[in-house]
Amino acid sequence: MAITESTASTGGATSKPATTTTTCDLTKILYTKVPSKRPESAPLLAQIKRTEKHTFPTSEAFQFDSELVKRTTHLYCTYTHSPHLEPAYRLCGYVVFLRSKALTRIHKVCVVESLRGRGIGKMMLETVLEGLRRGGVTEVDLWVDQERAPARALYEAFAFEEKEVVENYYGEGRTGIRMSLGLIMNRT
């Protein structure tokens with residue numbers, strides 16, 4: 001079985017081997033901006049909200065309804081489409097980032113729990129960072145809970161560097177780490 005990465009930004013596809021099977025069809029992972037006028041947008045946004053509620057404490061839950069109306073907030077997700085299954089669109093993961101003149105910050109990178117460890121987070125982060133780089137962003141940062149070792153390992157693999165450590169950032173006894181990455185512009 002292979003994971004096919006189709007990105008809206010490049011239109012290209014690459015294949016990587018998947019390690020195991022799951023109820024989510026990993027033979028074809030798609031990537032899109034949400035919300036949009038596309039038919040998959042509403043069901044995917046509903047799945048994103050459920051995943052957010054299941055994955056993160058209430059104090060960290062992203063407020064999609066109020067934040068997505070802002071021009072600076074961007075939400076992208078990976079999903080599969082199988083018309084013969086219900087639901088036909090199945091969420092694999094999502095990325096939320098904020099982009100303004102002063103700051104570009106990745107706010108969330110989340111992979112559906114049953115699909116973690118298969119390279120979906122890496123694929124999403126690669127796609128977002130490349131889009132930001134092409135859009136002229138020279139630096140991006142994020143905050144991560146010190147206890148989220150898999151997330152920290154992913155960011156470190158992309159050469160994010162620790163810039164700041166704040167105790168109780170996420171609540172009593174939960175330390176936050178701000179990480180930053182300089183993006184090198186491609187000269188063509």
# chains A, B, ... in the order shown; residues from 1 in each chain; ligands from 1
>>> select_by_dssp(residues="segment 17-149 of chain A", states="helix (DSSP H, G or I)", output="VMD selection string")
chain A and resid 41 to 55 58 to 60 64 to 67 113 to 115 120 to 134 149
>>> closest_atom_pairs(of="segment 97-164 of chain A", to="segment 39-61 of chain A", cutoff="9 Å", atoms="only C-alpha atoms", output="tab-separated table")
residue	atom	partner	partner_atom	distance
A:Cys110	CA	A:Glu52	CA	8.0
A:Val111	CA	A:Thr51	CA	8.7
A:Val112	CA	A:Thr51	CA	6.9
A:Glu113	CA	A:Thr55	CA	8.1
>>> residues_around(residues="Tyr76 of chain A", least_positions_apart="3", cutoff="12 Å", atoms="only C-alpha atoms", output="VMD selection string")
chain A and resid 7 to 9 30 to 36 41 44 to 45 48 68 73 79 91 to 98 106 to 111 121 123 to 125 127 to 128 131
>>> atom_distance(atom1="atom CA of Asp141 of chain A", atom2="atom CA of Met179 of chain A")
5.5 Å
>>> atom_distance(atom1="atom CA of Leu181 of chain A", atom2="atom CA of Tyr155 of chain A")
9.0 Å
>>> atom_distance(atom1="atom CA of Arg105 of chain A", atom2="atom CA of Leu142 of chain A")
5.3 Å
>>> closest_residue(among="A:Gly136, A:Pro87, A:Gly117, A:Gly182", to="Phe158 of chain A", atoms="only C-alpha atoms")
A:Gly182
>>> closest_residue(among="A:Ser180, A:Lys101, A:Ile29, A:Arg38", to="His81 of chain A", atoms="only C-alpha atoms")
A:Ile29
>>> select_by_dssp(residues="chain A", states="strand (DSSP E or B)", output="number ranges by chain")
A: 2-6, 13-17, 29-34, 73-81, 89-99, 104-111, 139-145, 161-166, 176-182
>>> write_last_selection(atoms="C-alpha atoms", output="PDB file, in the first residue's frame")
ATOM      1  CA  ALA A   2       1.310   3.494  -0.807  1.00  0.00           C
ATOM      2  CA  ILE A   3       0.381   6.927   0.450  1.00  0.00           C
ATOM      3  CA  THR A   4      -0.057   9.338  -2.430  1.00  0.00           C
ATOM      4  CA  GLU A   5       0.480  12.936  -1.448  1.00  0.00           C
ATOM      5  CA  SER A   6      -1.467  15.323  -3.643  1.00  0.00           C
ATOM      6  CA  ALA A  13       2.250  13.449  -6.254  1.00  0.00           C
ATOM      7  CA  THR A  14       4.836  11.300  -4.574  1.00  0.00           C
ATOM      8  CA  SER A  15       4.526   7.816  -3.157  1.00  0.00           C
ATOM      9  CA  LYS A  16       5.807   6.512   0.156  1.00  0.00           C
ATOM     10  CA  PRO A  17       5.198   3.074   1.621  1.00  0.00           C
ATOM     11  CA  ILE A  29      -4.272  11.201   0.800  1.00  0.00           C
ATOM     12  CA  LEU A  30      -5.510  14.569  -0.441  1.00  0.00           C
ATOM     13  CA  TYR A  31      -4.757  18.054   0.887  1.00  0.00           C
ATOM     14  CA  THR A  32      -7.080  21.078   0.887  1.00  0.00           C
ATOM     15  CA  LYS A  33      -7.830  24.426   2.495  1.00  0.00           C
ATOM     16  CA  VAL A  34     -10.868  24.468   4.773  1.00  0.00           C
ATOM     17  CA  THR A  73      -6.045  32.343  10.109  1.00  0.00           C
ATOM     18  CA  HIS A  74      -5.481  29.435   7.717  1.00  0.00           C
ATOM     19  CA  LEU A  75      -6.638  25.825   8.073  1.00  0.00           C
ATOM     20  CA  TYR A  76      -5.490  22.985   5.823  1.00  0.00           C
ATOM     21  CA  CYS A  77      -6.233  19.304   6.165  1.00  0.00           C
ATOM     22  CA  THR A  78      -5.341  15.936   4.736  1.00  0.00           C
ATOM     23  CA  TYR A  79      -8.100  13.469   4.007  1.00  0.00           C
ATOM     24  CA  THR A  80      -9.119  10.485   1.956  1.00  0.00           C
ATOM     25  CA  HIS A  81     -12.141  10.204  -0.303  1.00  0.00           C
ATOM     26  CA  TYR A  89     -14.484  12.088   3.266  1.00  0.00           C
ATOM     27  CA  ARG A  90     -12.266  10.917   6.132  1.00  0.00           C
ATOM     28  CA  LEU A  91      -9.988  13.286   7.963  1.00  0.00           C
ATOM     29  CA  CYS A  92      -6.335  12.262   8.373  1.00  0.00           C
ATOM     30  CA  GLY A  93      -4.981  15.440   9.987  1.00  0.00           C
ATOM     31  CA  TYR A  94      -4.953  19.228   9.960  1.00  0.00           C
ATOM     32  CA  VAL A  95      -2.692  22.253  10.342  1.00  0.00           C
ATOM     33  CA  VAL A  96      -3.715  25.709  11.559  1.00  0.00           C
ATOM     34  CA  PHE A  97      -1.392  28.656  11.098  1.00  0.00           C
ATOM     35  CA  LEU A  98      -1.661  32.394  11.615  1.00  0.00           C
ATOM     36  CA  ARG A  99      -0.006  34.718   9.147  1.00  0.00           C
ATOM     37  CA  THR A 104       3.723  33.641  11.059  1.00  0.00           C
ATOM     38  CA  ARG A 105       2.889  31.041  13.707  1.00  0.00           C
ATOM     39  CA  ILE A 106       1.882  27.422  13.340  1.00  0.00           C
ATOM     40  CA  HIS A 107      -0.867  27.028  15.888  1.00  0.00           C
ATOM     41  CA  LYS A 108      -1.811  23.354  15.487  1.00  0.00           C
ATOM     42  CA  VAL A 109      -0.496  20.247  13.780  1.00  0.00           C
ATOM     43  CA  CYS A 110      -2.802  17.330  14.541  1.00  0.00           C
ATOM     44  CA  VAL A 111      -3.015  13.838  13.063  1.00  0.00           C
ATOM     45  CA  GLU A 139      10.538  32.854   9.658  1.00  0.00           C
ATOM     46  CA  VAL A 140       7.845  30.771  11.326  1.00  0.00           C
ATOM     47  CA  ASP A 141       7.409  29.852  14.955  1.00  0.00           C
ATOM     48  CA  LEU A 142       5.213  27.642  17.117  1.00  0.00           C
ATOM     49  CA  TRP A 143       4.615  26.634  20.724  1.00  0.00           C
ATOM     50  CA  VAL A 144       4.707  23.005  21.833  1.00  0.00           C
ATOM     51  CA  ASP A 145       4.049  21.308  25.157  1.00  0.00           C
ATOM     52  CA  GLU A 161      15.132  25.477  17.231  1.00  0.00           C
ATOM     53  CA  GLU A 162      14.084  26.101  20.834  1.00  0.00           C
ATOM     54  CA  LYS A 163      13.923  29.844  21.514  1.00  0.00           C
ATOM     55  CA  GLU A 164      12.032  30.165  24.778  1.00  0.00           C
ATOM     56  CA  VAL A 165      10.782  27.962  27.610  1.00  0.00           C
ATOM     57  CA  VAL A 166       7.844  29.107  29.747  1.00  0.00           C
ATOM     58  CA  GLY A 176       5.583  25.423  26.783  1.00  0.00           C
ATOM     59  CA  ILE A 177       8.497  25.677  24.382  1.00  0.00           C
ATOM     60  CA  ARG A 178       8.585  28.266  21.612  1.00  0.00           C
ATOM     61  CA  MET A 179      10.424  26.966  18.563  1.00  0.00           C
ATOM     62  CA  SER A 180      11.407  28.887  15.456  1.00  0.00           C
ATOM     63  CA  LEU A 181      12.526  28.073  11.915  1.00  0.00           C
ATOM     64  CA  GLY A 182      14.127  30.368   9.380  1.00  0.00           C
TER      65      GLY A 182
END
>>> residues_around(residues="Arg133 of chain A", least_positions_apart="3", cutoff="9 Å", atoms="only C-alpha atoms", output="PDB file with N, CA, C and O atoms, in the first residue's frame")
ATOM      1  N   VAL A 128       2.920  22.865   4.191  1.00  0.00           N
ATOM      2  CA  VAL A 128       2.669  24.207   4.739  1.00  0.00           C
ATOM      3  C   VAL A 128       3.934  25.056   4.683  1.00  0.00           C
ATOM      4  O   VAL A 128       3.898  26.211   4.247  1.00  0.00           O
ATOM      5  N   LEU A 129       5.060  24.507   5.106  1.00  0.00           N
ATOM      6  CA  LEU A 129       6.303  25.279   5.105  1.00  0.00           C
ATOM      7  C   LEU A 129       6.712  25.687   3.697  1.00  0.00           C
ATOM      8  O   LEU A 129       7.160  26.820   3.476  1.00  0.00           O
ATOM      9  N   GLU A 130       6.538  24.799   2.727  1.00  0.00           N
ATOM     10  CA  GLU A 130       6.876  25.147   1.350  1.00  0.00           C
ATOM     11  C   GLU A 130       5.957  26.255   0.833  1.00  0.00           C
ATOM     12  O   GLU A 130       6.405  27.182   0.158  1.00  0.00           O
ATOM     13  N   GLY A 136       6.816  34.058   0.599  1.00  0.00           N
ATOM     14  CA  GLY A 136       7.695  35.122   1.068  1.00  0.00           C
ATOM     15  C   GLY A 136       7.953  35.154   2.561  1.00  0.00           C
ATOM     16  O   GLY A 136       8.616  36.061   3.057  1.00  0.00           O
ATOM     17  N   VAL A 137       7.450  34.173   3.297  1.00  0.00           N
ATOM     18  CA  VAL A 137       7.696  34.132   4.739  1.00  0.00           C
ATOM     19  C   VAL A 137       9.147  33.704   4.974  1.00  0.00           C
ATOM     20  O   VAL A 137       9.631  32.755   4.359  1.00  0.00           O
ATOM     21  N   THR A 138       9.833  34.421   5.855  1.00  0.00           N
ATOM     22  CA  THR A 138      11.240  34.099   6.133  1.00  0.00           C
ATOM     23  C   THR A 138      11.433  33.432   7.486  1.00  0.00           C
ATOM     24  O   THR A 138      12.485  32.857   7.735  1.00  0.00           O
ATOM     25  N   GLU A 139      10.424  33.506   8.354  1.00  0.00           N
ATOM     26  CA  GLU A 139      10.538  32.854   9.658  1.00  0.00           C
ATOM     27  C   GLU A 139       9.153  32.439  10.136  1.00  0.00           C
ATOM     28  O   GLU A 139       8.169  33.138   9.924  1.00  0.00           O
ATOM     29  N   LEU A 183      13.145  30.290   7.168  1.00  0.00           N
ATOM     30  CA  LEU A 183      12.858  29.694   5.863  1.00  0.00           C
ATOM     31  C   LEU A 183      13.741  30.358   4.825  1.00  0.00           C
ATOM     32  O   LEU A 183      13.763  31.573   4.688  1.00  0.00           O
ATOM     33  N   ILE A 184      14.472  29.551   4.099  1.00  0.00           N
ATOM     34  CA  ILE A 184      15.364  30.052   3.062  1.00  0.00           C
ATOM     35  C   ILE A 184      14.567  30.167   1.772  1.00  0.00           C
ATOM     36  O   ILE A 184      13.889  29.219   1.361  1.00  0.00           O
ATOM     37  N   MET A 185      14.670  31.312   1.151  1.00  0.00           N
ATOM     38  CA  MET A 185      13.951  31.531  -0.101  1.00  0.00           C
ATOM     39  C   MET A 185      14.621  30.768  -1.225  1.00  0.00           C
ATOM     40  O   MET A 185      15.846  30.766  -1.346  1.00  0.00           O
ATOM     41  N   ASN A 186      13.814  30.093  -2.034  1.00  0.00           N
ATOM     42  CA  ASN A 186      14.335  29.415  -3.225  1.00  0.00           C
ATOM     43  C   ASN A 186      14.547  30.437  -4.318  1.00  0.00           C
ATOM     44  O   ASN A 186      13.653  31.215  -4.641  1.00  0.00           O
TER      45      ASN A 186
END
